[in-house]
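Structure first, commentary second.
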Amino acid sequence: MTLGDIIGFAFRSLRGYPLRTGLMLLAMAIGVASVVLLTALGEGARRYVTQEFTSLGTHLLIVLPGRSETTGGPPPLLGETPRDLTLADAMALERSSAVRRVAPVMVGSAPVTRDGLSRETVILGSTAAMAAVRNLSMAQGRFLPAGDASRAEALCVLGQKLKTELFAKASPLGRFVRIGDRRFRVIGVLARKGQSLGVDISDVAIVPVASAAALFNQSSLFRILVQARNRDAIHRAKAAVLDIIRERHDGEDDITVITQDAMLATFDRIFQTLTLAVGGIAAISLAVAGILIMNVMLVAVSQRTAEIGLLKALGAPGGQILRLFLSESAMLSLVGAALGLLLGGAGLMLAVRLFPNFPMAAPLWAPLAAVGVALTAGLVFGVMPARRAARLDPVAALSRR
Amino acid sequence: MICLEQVERVFQVGEETVYALRQVDLTVQAGEYVSIMGPSGSGKSTLLNILGLLDRPDRGVYRLEGVDTTELSERRQADVRRHKIGFIFQFFHLVPRLSAAENVELPLSLAGMEPRRRKARVAEALERLGLADRSRHRPDQLSGGQRQRVAIARATIMQPAIILADEPTGNLDRASGQEVIETIEGLNRDGMTVIIVTHDPDLGRRTDRQVRMMDGRIADDHRGLP
């Protein structure tokens, strides 16, 4: 029998029992669609987290004072106290060719006052580079001006929430606020960005780092944000940061450098595993659909006993009958899988329309794996009924009407 | 061409052993027209099934054109059925979802003949049996006589040497039965060996040779009118 004949024969026998075939296709379609949708959900969660991380800034390295890693080895003979990171340390990092920008960050808390309205607020001291490193955009005015970082200019940029609370709808540009015991001129307002990694960027005031140092009377930095020149330079930048700081801190490795990519990779792995897990759970429904195929084919075999007997009388050996019935179950699962892909695609489009902020998308392997599993289930569970058909005794089969 | 020697077939029905065939010897020459008659349970259907290689004898030898078929594998037996034997059944056994032409085409497509050559042969066979205008009809749209003629077209499409018919007129009215039997006799005149199992004495009288079965044995075997 040619392939075309086998397909035609299987197609006609499936069409002969439309209700049964339809229900079977529905079961298979739901299985495949759920694999596609659930993996899309997992993948969407992964992308969402990735997106959140990149909104922190790209090619980011975070330099923290103190060493949080344990590397073993003998304890130091002399007590080791971590040195503070200073503005001079930060500026020294700009020497490296792998580093594009350096933004020192000093953190403190102080009341911000205007016309009798006062708010206790997080004050960030930084430089012009911070806007680019952290992907900050402005709602009004401009960010801190570029220039000598050691100059304590009395300028400040307000977060969106702080601005609303102090100025309501009025424009704050050019007006003065009091932070602690000093007066600062407002030069810009940050655009709303929402939470990023737990810090609400809308409830801060940003001042030049030297001003913050004067305000809080300290010289130590909270951290240094470093932007590498490109993705490939991240590792070189990390090594350079460690080298430069070690040199400046008398040969002590007393800082910790976290690369954003390392964090990202960890989350990536977690979510990929999650996606695989939900996909696997959805695949169970495919196995159930496979068992349904077996059931349907067993009914088909007993209903078509006479036909099988006839095929044998016409000279079809058992192997040929096996192939015919197997291709019927294969066709059931293939068409069911195709319908499932359509169903899953439609569901995905609907979900994207309903939740435009959540980047749902099925990973490429999901539909392929779903169709593969569907076909395998159809074939594996089709073998038993097909063998039963192939082994049918033609005399008994033909003696029944 | 057909030669049975000491063929036995035993069935186990519960505790009881039933001899469907006991030491049957039968030789049929090419081109013969034979009827096998006898009461129900006399073993005539079993004999036909063994002749058609649908069943294997428990003892004895069945030679078809000199080949010992009892030694053949399942696959080779199917091959013999496909090329040498055509079956006609009491209940027609047409595939209900296929049209008349597709039913006739079935043996050709099972044998792997390419579609273009098949169509011509099917059209020719249907034409010969006066069914050209019914080729697109499904079995449930045909009369009993027409269904049996479709079945005959299917049985002969591979041009087998032997036609085995099990009560071919058993399910038909007199007129269509007459038509069908004349068609079968036409095949015999064209040189096919025809063996008919029947209850109908009128049908038996028409054949050149009558075999009468009783309790699994051949009770009587003679040529010409009884």
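Quick note on naming: the chains in the structure tokens go A, B, ... in the order shown, residues restart at 1 in each chain, and ligands are numbered from 1 in order of appearance.
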
Which chain A residues are at most 12 Å from chain B (counting only C-alpha atoms), as a count of residues only?
49

Which residues are near range 64-68 of chain B? Cut-off 7 Å, only C-alpha atoms, ignore same chain within fewer than 5 positions. Put them as a PyMOL selection string.
chain B and resi 1-3

Which polymer residues have any atom within 6 Å of an atom of Ile162 in chain B, counting only C-alpha atoms, with same-chain residues fewer than 4 positions away left out, as a ChimeraX atom specification?
/B:85,192-194

Residues at most 10 Å from Thr127 in chain A, counting only C-alpha atoms, excluding those fewer than 2 positions away in the same chain, as a list in words?
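My list of contacting residues is Val102, Ala103, Pro104, Val105, Leu124, Gly125, Ala129, Met130, Ala131, Phe143, Leu144, Pro145, Ala146, Gly147, Asp148, Ala149, Ser150, Ile206, Val207, Pro208, Val209 and Ala210 of chain A.
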
With a distance cut-off of 8 Å and only C-alpha atoms, select the neighbouring residues of range 371-384 of chain A, excluding the residue or stretch itself and same-chain residues fewer than 6 positions from it, and output the selection as a PyMOL selection string.
chain A and resi 28+32+283+286-287+289-291+293-294+297+322+325-326+329-330+332-334+337-338

Selection file, N, CA and C atoms, as a CSV table (one decimal), in the first residue's frame:
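again-v9.csv was written with the following content:
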chain,number,residue,atom,x,y,z
A,28,MET,N,-7.0,15.7,22.7
A,28,MET,CA,-5.6,15.9,22.3
A,28,MET,C,-5.3,17.4,22.2
A,32,VAL,N,-2.3,19.6,24.2
A,32,VAL,CA,-1.3,20.3,23.5
A,32,VAL,C,-1.4,21.8,23.9
A,283,ALA,N,2.1,18.0,30.3
A,283,ALA,CA,2.4,16.8,29.4
A,283,ALA,C,1.6,15.6,29.9
A,286,LEU,N,-1.4,15.2,28.1
A,286,LEU,CA,-1.1,14.5,26.8
A,286,LEU,C,-1.1,13.0,27.0
A,287,ALA,N,-0.6,12.5,28.1
A,287,ALA,CA,-0.6,11.1,28.3
A,287,ALA,C,-2.0,10.6,28.5
A,289,ALA,N,-4.6,11.9,27.1
A,289,ALA,CA,-5.1,11.9,25.8
A,289,ALA,C,-4.7,10.7,25.0
A,290,GLY,N,-3.4,10.2,25.3
A,290,GLY,CA,-2.9,9.0,24.7
A,290,GLY,C,-3.8,7.8,25.1
A,291,ILE,N,-4.1,7.7,26.4
A,291,ILE,CA,-4.9,6.6,26.8
A,291,ILE,C,-6.3,6.7,26.2
A,293,ILE,N,-6.9,7.8,23.3
A,293,ILE,CA,-6.7,7.3,21.9
A,293,ILE,C,-6.7,5.8,21.9
A,294,MET,N,-6.1,5.2,22.9
A,294,MET,CA,-6.1,3.7,23.0
A,294,MET,C,-7.5,3.2,23.1
A,297,MET,N,-9.4,3.5,19.9
A,297,MET,CA,-9.0,2.6,18.9
A,297,MET,C,-9.4,1.2,19.2
A,322,LEU,N,-1.7,-3.8,11.1
A,322,LEU,CA,-1.1,-3.0,12.2
A,322,LEU,C,-0.7,-1.6,11.7
A,325,PHE,N,-3.9,0.6,11.3
A,325,PHE,CA,-4.5,1.1,12.6
A,325,PHE,C,-3.6,2.1,13.3
A,326,LEU,N,-2.3,1.8,13.2
A,326,LEU,CA,-1.3,2.7,13.8
A,326,LEU,C,-1.4,4.1,13.1
A,329,SER,N,-4.2,6.1,14.6
A,329,SER,CA,-4.0,6.8,15.8
A,329,SER,C,-2.9,7.9,15.7
A,330,ALA,N,-2.0,7.7,14.8
A,330,ALA,CA,-1.0,8.8,14.5
A,330,ALA,C,-1.7,10.0,13.9
A,332,LEU,N,-4.9,10.8,14.3
A,332,LEU,CA,-5.7,11.4,15.4
A,332,LEU,C,-4.8,12.3,16.2
A,333,SER,N,-3.6,11.9,16.6
A,333,SER,CA,-2.8,12.7,17.5
A,333,SER,C,-2.2,13.9,16.7
A,334,LEU,N,-1.8,13.7,15.5
A,334,LEU,CA,-1.3,14.8,14.7
A,334,LEU,C,-2.3,15.9,14.5
A,337,ALA,N,-3.0,17.5,17.7
A,337,ALA,CA,-1.9,18.4,18.1
A,337,ALA,C,-2.0,19.7,17.3
A,338,ALA,N,-2.3,19.6,16.0
A,338,ALA,CA,-2.4,20.8,15.2
A,338,ALA,C,-3.5,21.7,15.7

Using only C-alpha atoms, which residues sit within 12 Å of Leu117 in chain A once same-chain residues fewer than 5 positions away are excluded, as number ranges by chain?
A: 111-112, 162-168, 177-179

Which of range 36-207 of chain B end up as alpha helix (DSSP H) when DSSP is run on this backbone - answer as a VMD selection string?
chain B and resid 44 to 51 74 to 84 100 to 110 115 to 128 144 to 156 174 to 189 201 to 206

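Here CA of Arg83 in chain A and CA of Ser211 in chain A stand 21.7 Å from one another.
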
Proximity check range 51-80 of chain B to range 7-31 of chain B, 7 Å, nearest pairs one decimal Å, only C-alpha atoms, as a Markdown table:
| residue | atom | partner | partner_atom | distance |
| --- | --- | --- | --- | --- |
| B:Pro57 | CA | B:Arg9 | CA | 5.1 |
| B:Asp58 | CA | B:Arg9 | CA | 5.1 |
| B:Arg59 | CA | B:Glu8 | CA | 5.0 |
| B:Gly60 | CA | B:Val7 | CA | 4.1 |
| B:Val61 | CA | B:Val7 | CA | 6.2 |

Selection above as a file: N, CA and C atoms, as a compact mmCIF listing (two decimals), in the first residue's frame:
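Writing done, so here's out18.txt:
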# COMPACT_ATOMS: atom_id res chain seq x y z
N PRO B 57 -5.38 -26.32 8.85
CA PRO B 57 -5.78 -27.65 9.33
C PRO B 57 -4.89 -28.07 10.49
N ASP B 58 -5.47 -28.88 11.41
CA ASP B 58 -4.67 -29.38 12.52
C ASP B 58 -3.78 -30.54 12.08
N ARG B 59 -4.28 -31.30 11.11
CA ARG B 59 -3.49 -32.41 10.57
C ARG B 59 -3.75 -32.48 9.07
N GLY B 60 -2.85 -33.13 8.34
CA GLY B 60 -3.06 -33.30 6.92
C GLY B 60 -2.35 -32.23 6.13
N VAL B 61 -2.42 -32.34 4.81
CA VAL B 61 -1.69 -31.45 3.92
C VAL B 61 -2.65 -30.81 2.93

Hey, what's within 10 Å of Gln210 in chain B if we count only C-alpha atoms and toss same-chain stuff fewer than 2 positions away? As a JSON list (two decimals) with N, CA and C atoms, in the first residue's frame, please?
[["chain", "number", "residue", "atom", "x", "y", "z"],
["B", 33, "TYR", "N", -16.32, -26.41, -11.47],
["B", 33, "TYR", "CA", -17.42, -25.67, -10.86],
["B", 33, "TYR", "C", -18.04, -26.60, -9.84],
["B", 34, "VAL", "N", -17.74, -26.35, -8.54],
["B", 34, "VAL", "CA", -18.06, -27.32, -7.49],
["B", 34, "VAL", "C", -18.99, -26.68, -6.46],
["B", 35, "SER", "N", -19.97, -27.46, -6.00],
["B", 35, "SER", "CA", -20.75, -26.98, -4.85],
["B", 35, "SER", "C", -20.47, -27.90, -3.67],
["B", 36, "ILE", "N", -20.43, -27.29, -2.48],
["B", 36, "ILE", "CA", -20.28, -28.07, -1.26],
["B", 36, "ILE", "C", -21.57, -27.87, -0.47],
["B", 37, "MET", "N", -22.28, -28.97, -0.20],
["B", 37, "MET", "CA", -23.56, -28.87, 0.47],
["B", 37, "MET", "C", -23.54, -29.72, 1.72],
["B", 195, "ILE", "N", -15.81, -22.55, -6.29],
["B", 195, "ILE", "CA", -16.32, -23.47, -5.27],
["B", 195, "ILE", "C", -17.36, -22.71, -4.45],
["B", 196, "ILE", "N", -18.59, -23.25, -4.42],
["B", 196, "ILE", "CA", -19.69, -22.58, -3.72],
["B", 196, "ILE", "C", -20.15, -23.44, -2.55],
["B", 204, "GLY", "N", -27.17, -26.06, -5.95],
["B", 204, "GLY", "CA", -26.28, -27.21, -6.05],
["B", 204, "GLY", "C", -26.45, -27.94, -7.37],
["B", 205, "ARG", "N", -27.70, -28.05, -7.81],
["B", 205, "ARG", "CA", -27.96, -28.78, -9.05],
["B", 205, "ARG", "C", -27.31, -28.12, -10.26],
["B", 206, "ARG", "N", -27.06, -26.82, -10.18],
["B", 206, "ARG", "CA", -26.51, -26.12, -11.33],
["B", 206, "ARG", "C", -25.03, -26.44, -11.55],
["B", 207, "THR", "N", -24.33, -26.89, -10.47],
["B", 207, "THR", "CA", -22.89, -27.06, -10.59],
["B", 207, "THR", "C", -22.55, -28.38, -11.26],
["B", 208, "ASP", "N", -21.30, -28.44, -11.78],
["B", 208, "ASP", "CA", -20.85, -29.65, -12.49],
["B", 208, "ASP", "C", -20.55, -30.79, -11.52],
["B", 212, "ARG", "N", -21.07, -33.54, -0.93],
["B", 212, "ARG", "CA", -22.00, -33.49, 0.19],
["B", 212, "ARG", "C", -21.24, -33.83, 1.46],
["B", 213, "MET", "N", -21.35, -32.97, 2.48],
["B", 213, "MET", "CA", -20.63, -33.16, 3.74],
["B", 213, "MET", "C", -21.60, -33.65, 4.79],
["B", 220, "ASP", "N", -20.51, -37.74, 0.07],
["B", 220, "ASP", "CA", -20.88, -38.03, -1.32],
["B", 220, "ASP", "C", -20.16, -37.03, -2.20],
["B", 221, "ASP", "N", -19.65, -37.48, -3.34],
["B", 221, "ASP", "CA", -18.92, -36.59, -4.25],
["B", 221, "ASP", "C", -19.15, -37.11, -5.66],
["B", 222, "HIS", "N", -20.00, -36.41, -6.41],
["B", 222, "HIS", "CA", -20.22, -36.92, -7.77],
["B", 222, "HIS", "C", -20.42, -35.79, -8.76],
["B", 223, "ARG", "N", -20.25, -36.12, -10.02],
["B", 223, "ARG", "CA", -20.38, -35.16, -11.11],
["B", 223, "ARG", "C", -21.71, -35.35, -11.81],
["B", 224, "GLY", "N", -22.17, -34.30, -12.45],
["B", 224, "GLY", "CA", -23.40, -34.37, -13.22],
["B", 224, "GLY", "C", -24.61, -34.36, -12.31],
["B", 225, "LEU", "N", -25.76, -34.55, -12.88],
["B", 225, "LEU", "CA", -26.99, -34.48, -12.12],
["B", 225, "LEU", "C", -27.09, -35.67, -11.17],
["B", 226, "PRO", "N", -27.66, -35.47, -9.98],
["B", 226, "PRO", "CA", -27.78, -36.55, -9.01],
["B", 226, "PRO", "C", -28.81, -37.59, -9.46]]

So which one's closest to Leu129 in chain B, B:Gln178, B:Ser143, B:Thr183, B:Asn188? Using only C-alpha atoms, please.
B:Thr183

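For the choices A:Ala92, A:Val133, A:Leu85, A:Ile258, the atom-to-atom distance to Met106 in chain A is smallest for A:Leu85 when using only C-alpha atoms.
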